[in-house]
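What's in target_31.txt: compact mmCIF, C-alpha atoms
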# COMPACT_ATOMS: atom_id res chain seq x y z
CA MET A 8 14.87 -22.38 25.59
CA LYS A 9 13.80 -23.18 22.05
CA THR A 10 11.23 -20.89 20.38
CA PRO A 11 7.90 -22.73 19.87
CA PRO A 12 7.24 -23.40 16.14
CA ILE A 13 4.06 -21.28 16.02
CA LEU A 14 5.85 -18.31 17.61
CA ALA A 15 8.83 -18.74 15.25
CA ALA A 16 6.46 -18.74 12.28
CA ALA A 17 4.69 -15.61 13.54
CA LEU A 18 8.01 -13.82 14.11
CA THR A 19 9.21 -14.80 10.64
CA LEU A 20 5.95 -13.61 9.06
CA SER A 21 6.09 -10.30 10.93
CA ALA A 22 9.66 -9.75 9.70
CA VAL A 23 8.60 -10.49 6.11
CA LEU A 24 5.62 -8.14 6.35
CA ALA A 25 7.59 -5.30 7.96
CA LEU A 26 7.77 -2.26 5.72
CA PRO A 27 11.07 -0.55 5.07
CA GLY A 28 11.11 3.11 6.04
CA PRO A 29 8.45 5.13 7.78
CA VAL A 30 4.75 4.33 7.56
CA ARG A 31 3.62 7.91 8.03
CA ALA A 32 4.49 11.03 6.11
CA GLU A 33 4.40 14.45 7.75
CA PRO A 34 1.23 16.40 6.91
CA TYR A 35 1.75 18.01 3.52
CA LEU A 36 0.20 20.45 1.10
CA GLY A 37 -1.49 18.67 -1.78
CA ARG A 38 -2.42 21.66 -3.91
CA CYS A 39 -3.78 25.21 -3.76
CA HIS A 40 -6.25 26.35 -6.41
CA MET A 41 -8.59 29.34 -6.51
CA GLY A 42 -7.97 30.31 -2.89
CA GLU A 43 -8.45 26.81 -1.48
CA CYS A 44 -5.57 24.66 -0.26
CA LEU A 45 -5.85 20.91 0.26
CA HIS A 46 -3.68 19.40 2.99
CA TYR A 47 -3.11 15.69 3.60
CA ASP A 48 -1.90 13.57 6.49
CA GLN A 49 -0.88 9.97 5.74
CA VAL A 50 -1.85 8.09 8.90
CA SER A 51 -1.08 4.55 7.75
CA ARG A 52 0.68 2.69 4.95
CA SER A 53 0.87 -0.99 4.03
CA VAL A 54 2.04 -3.01 1.05
CA ILE A 55 -0.93 -5.14 -0.01
CA GLY A 56 0.34 -6.60 -3.28
CA THR A 57 3.13 -6.70 -5.82
CA GLY A 58 3.58 -6.23 -9.53
CA SER A 59 4.91 -8.85 -11.90
CA ALA A 60 8.24 -9.92 -13.38
CA ALA A 61 7.41 -7.71 -16.38
CA VAL A 62 6.40 -4.66 -14.30
CA PRO A 63 7.81 -4.90 -10.77
CA GLY A 64 6.39 -2.72 -8.05
CA ASP A 65 4.37 -2.62 -4.85
CA LEU A 66 0.66 -2.06 -4.45
CA VAL A 67 0.43 0.28 -1.47
CA LEU A 68 -2.63 1.17 0.57
CA VAL A 69 -2.51 4.41 2.54
CA ALA A 70 -5.07 6.05 4.76
CA LEU A 71 -5.20 9.81 4.20
CA ARG A 72 -6.86 12.50 6.28
CA SER A 73 -7.61 15.68 4.39
CA ALA A 74 -8.24 19.26 5.42
CA VAL A 75 -8.99 22.50 3.58
CA SER A 76 -7.58 25.93 4.34
CA ASP A 77 -7.15 29.27 2.64
CA ARG A 78 -3.35 29.26 3.12
CA ALA A 79 -0.57 27.00 1.85
CA ASP A 80 1.39 27.50 5.07
CA ALA A 81 -1.48 26.68 7.46
CA ASP A 82 -0.40 25.03 10.72
CA PRO A 83 -1.53 21.35 10.53
CA ALA A 84 -2.45 21.47 14.24
CA THR A 85 -5.11 24.11 13.51
CA LEU A 86 -6.78 22.32 10.60
CA ALA A 87 -10.14 20.49 10.80
CA TRP A 88 -9.10 17.04 9.54
CA GLU A 89 -11.62 14.69 7.92
CA ALA A 90 -11.73 10.98 8.80
CA PRO A 91 -9.06 8.90 7.03
CA ALA A 92 -9.93 7.57 3.58
CA PRO A 93 -8.19 4.68 1.78
CA VAL A 94 -6.10 5.35 -1.33
CA GLN A 95 -4.24 2.72 -3.38
CA VAL A 96 -1.19 3.43 -5.52
CA PHE A 97 1.07 1.16 -7.53
CA CYS A 98 4.64 2.17 -6.72
CA ALA A 99 6.81 1.47 -9.76
CA LYS A 100 9.39 3.51 -11.67
CA ASP A 101 8.23 2.10 -15.03
CA ARG A 102 4.48 2.39 -14.54
CA PRO A 103 3.41 4.48 -11.54
CA ALA A 104 -0.35 4.46 -11.06
CA TYR A 105 -3.24 5.01 -8.70
CA ARG A 106 -6.45 3.01 -8.33
CA LEU A 107 -9.67 4.59 -9.56
CA ALA A 108 -13.03 4.13 -7.83
CA ASP A 109 -14.11 1.52 -10.41
CA GLY A 110 -11.03 -0.68 -9.73
CA ALA A 111 -9.12 0.39 -12.84
CA TYR A 112 -5.63 1.87 -12.55
CA GLN A 113 -4.62 5.25 -14.02
CA SER A 114 -0.93 5.34 -14.87
CA LEU A 115 0.77 8.63 -14.08
CA ASP A 116 3.30 10.92 -15.68
CA LEU A 117 4.96 12.17 -12.51
CA VAL A 118 7.46 14.53 -14.12
CA THR A 119 5.46 16.63 -16.59
CA PRO A 120 3.90 19.56 -14.72
CA ALA A 121 0.13 19.81 -15.09
CA GLY A 122 -2.15 21.51 -12.60
CA ALA A 123 -4.70 18.71 -12.73
CA THR A 124 -2.14 16.07 -11.71
CA THR A 125 -0.33 18.04 -8.99
CA LEU A 126 -2.46 16.59 -6.18
CA VAL A 127 -2.27 12.93 -7.24
CA THR A 128 1.47 13.28 -7.90
CA ALA A 129 1.98 14.56 -4.34
CA ILE A 130 -0.18 11.76 -2.91
CA TYR A 131 1.71 9.12 -4.94
CA LEU A 132 5.16 10.39 -3.91
CA HIS A 133 4.28 10.56 -0.21
CA ALA A 134 2.72 7.07 -0.33
CA CYS A 135 5.61 5.48 -2.23
CA HIS A 136 8.46 7.48 -0.69
CA PRO A 137 7.29 8.46 2.83
CA GLY A 138 10.84 9.10 4.06
CA ALA A 139 11.92 11.19 1.06
CA GLU A 140 12.11 14.96 1.02
CA ILE A 141 9.18 15.99 -1.19
CA SER A 142 9.33 19.68 -2.05
CA ASP A 143 6.48 22.03 -2.90
CA ASP A 144 7.10 20.98 -6.53
CA PRO A 145 6.17 17.27 -6.68
CA PHE A 146 7.21 17.04 -10.34
CA ALA A 147 10.78 18.15 -9.52
CA ALA A 148 10.77 15.74 -6.56
CA ALA A 149 9.73 12.89 -8.89
CA ARG A 150 12.57 13.72 -11.29
CA ALA A 151 15.01 13.79 -8.34
CA LEU A 152 13.76 10.34 -7.31
CA GLY A 153 14.55 9.00 -10.78
CA TYR A 154 11.12 8.97 -12.44
CA LYS A 155 10.85 9.61 -16.18
CA ALA A 156 7.87 10.72 -18.28
CA THR A 157 5.41 7.87 -18.80
CA PRO A 158 2.17 7.64 -20.80
CA MET A 159 -1.05 8.26 -18.89
CA VAL A 160 -3.20 5.23 -19.67
CA VAL A 161 -6.14 3.63 -17.86
CA HIS A 162 -5.65 -0.10 -17.24
CA ALA A 163 -8.70 -2.28 -16.49
CA ASP A 164 -7.15 -3.86 -13.38
CA LEU A 165 -3.84 -4.66 -11.66
CA ASP A 166 -3.16 -7.58 -14.03
CA ALA A 167 -3.53 -5.29 -17.05
CA LEU A 168 -1.33 -2.66 -15.41
CA THR A 169 1.48 -5.13 -14.70
CA ARG A 170 1.48 -6.82 -18.11
CA ARG A 171 3.98 -5.68 -20.76
Take the structure in the file and give it back as structure tokens.
Amino acid sequence: MKTPPILAAALTLSAVLALPGPVRAEPYLGRCHMGECLHYDQVSRSVIGTGSAAVPGDLVLVALRSAVSDRADADPATLAWEAPAPVQVFCAKDRPAYRLADGAYQSLDLVTPAGATTLVTAIYLHACHPGAEISDDPFAAARALGYKATPMVVHADLDALTRR
């Protein structure tokens, strides 16, 4: 029996839209600071856009649940998880970035340790590399994944981010 054209088109589209690798990441520690630890659980992941010929990459949307504890090694099953919230990151070796609330994109230096960027570095790595082994040191994990130091610049929008 021949596959009906509409079904063939739907099957082809679903194959094109399928994401390589896992969609979820195991719950992970984002950062501990002043006796408070932030934990995250990536419950969904989808590629919603791409970069350009000049700056290739994928625009990824993840839904993250967060929880707070007083211990880095808290059992995820015992945490009080918040409702999932959307987070967008631009997954690219040359210009990794995350989307700010105003729609601009903050490029990231994923390899230079800084307390203020530990959390967003962990979120970025889990969103862009959900199947990778991300250690407690996200900066070392980024180096192991091949990232290099990049300038931290705010770009007005995705077009500005993906222009050379």
Which of A:Ala84, A:His133, A:Glu89, A:Arg106 sits closest to Gln49 of chain A [using all atoms listed in the file]: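 For Gln49 of chain A, the nearest of the given residues is A:His133.
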With a distance cut-off of 7 Å and only C-alpha atoms, select the neighbouring residues of segment 124-131 of chain A, excluding the residue or stretch itself and same-chain residues fewer than 6 positions from it, and output the selection as a ChimeraX atom specification. /A:37-38,96,117,145
Which distance in Å separates atom CA of Arg170 of chain A and atom CA of Phe146 of chain A, to one decimal?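 One can read the atom CA of Arg170 of chain A to atom CA of Phe146 of chain A distance as 25.7 Å.
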Under the rule that all atoms listed in the file are counted, which of A:Leu165, A:Met41, A:Leu132, A:Val62 is the nearest residue to Arg150 of chain A?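 Once distances to Arg150 of chain A are computed over all atoms listed in the file, the minimum belongs to A:Leu132.
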4 Å per side around segment 51-63 of chain A: axis-aligned box centre and edge lengths, as AutoDock Vina command-line options:
--center_x 3.6 --center_y -2.7 --center_z -4.3 --size_x 17.3 --size_y 22.5 --size_z 32.1
Between A:Cys98, A:Leu45, A:Ala90, A:Met159, single out the one closest to Leu66 of chain A, counting all atoms listed in the file.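 The shortest atom-to-atom distance to Leu66 of chain A comes from A:Cys98.
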Pick from A:His40, A:Arg171, A:Ala148, A:Asp48, whichever lies nearest to Pro83 of chain A using all atoms listed in the file: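 Distance minimum relative to Pro83 of chain A lands on A:Asp48.
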When distances are computed from all atoms listed in the file, which of A:Thr85, A:Gln113, A:Gln95, A:Ser73 shows the smallest separation from Gly56 of chain A?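 So, comparing all the options, the nearest one is A:Gln95.
The spacing separating atom CA of Asp164 of chain A from atom CA of Leu71 of chain A amounts to 22.4 Å.
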Select, from A:Val67, A:Ala61, A:Cys39, A:Val118, the residue with the minimum atom-to-atom distance to Ala79 of chain A, counting all atoms listed in the file.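 Of A:Val67, A:Ala61, A:Cys39, A:Val118, the one nearest Ala79 of chain A is A:Cys39, counting all atoms listed in the file.
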Would you mind reading off the distance between atom CA of Glu43 of chain A and atom CA of Cys135 of chain A, one decimal, in Å?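 That distance, rounded to one decimal, is 25.6 Å.
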So that I can check the surroundings of Leu115 of chain A, please list as a list in words every protein, DNA and RNA residue that reaches within 10 Å of it, counting only C-alpha atoms and ignoring chain neighbours fewer than 4 positions away.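 Answer for this query is Phe97, Asp101, Arg102, Pro103, Ala104, Tyr105, Thr119, Thr124, Val127, Thr128, Tyr131, Ala156, Thr157, Pro158, Met159, Val160 and Val161 of chain A.
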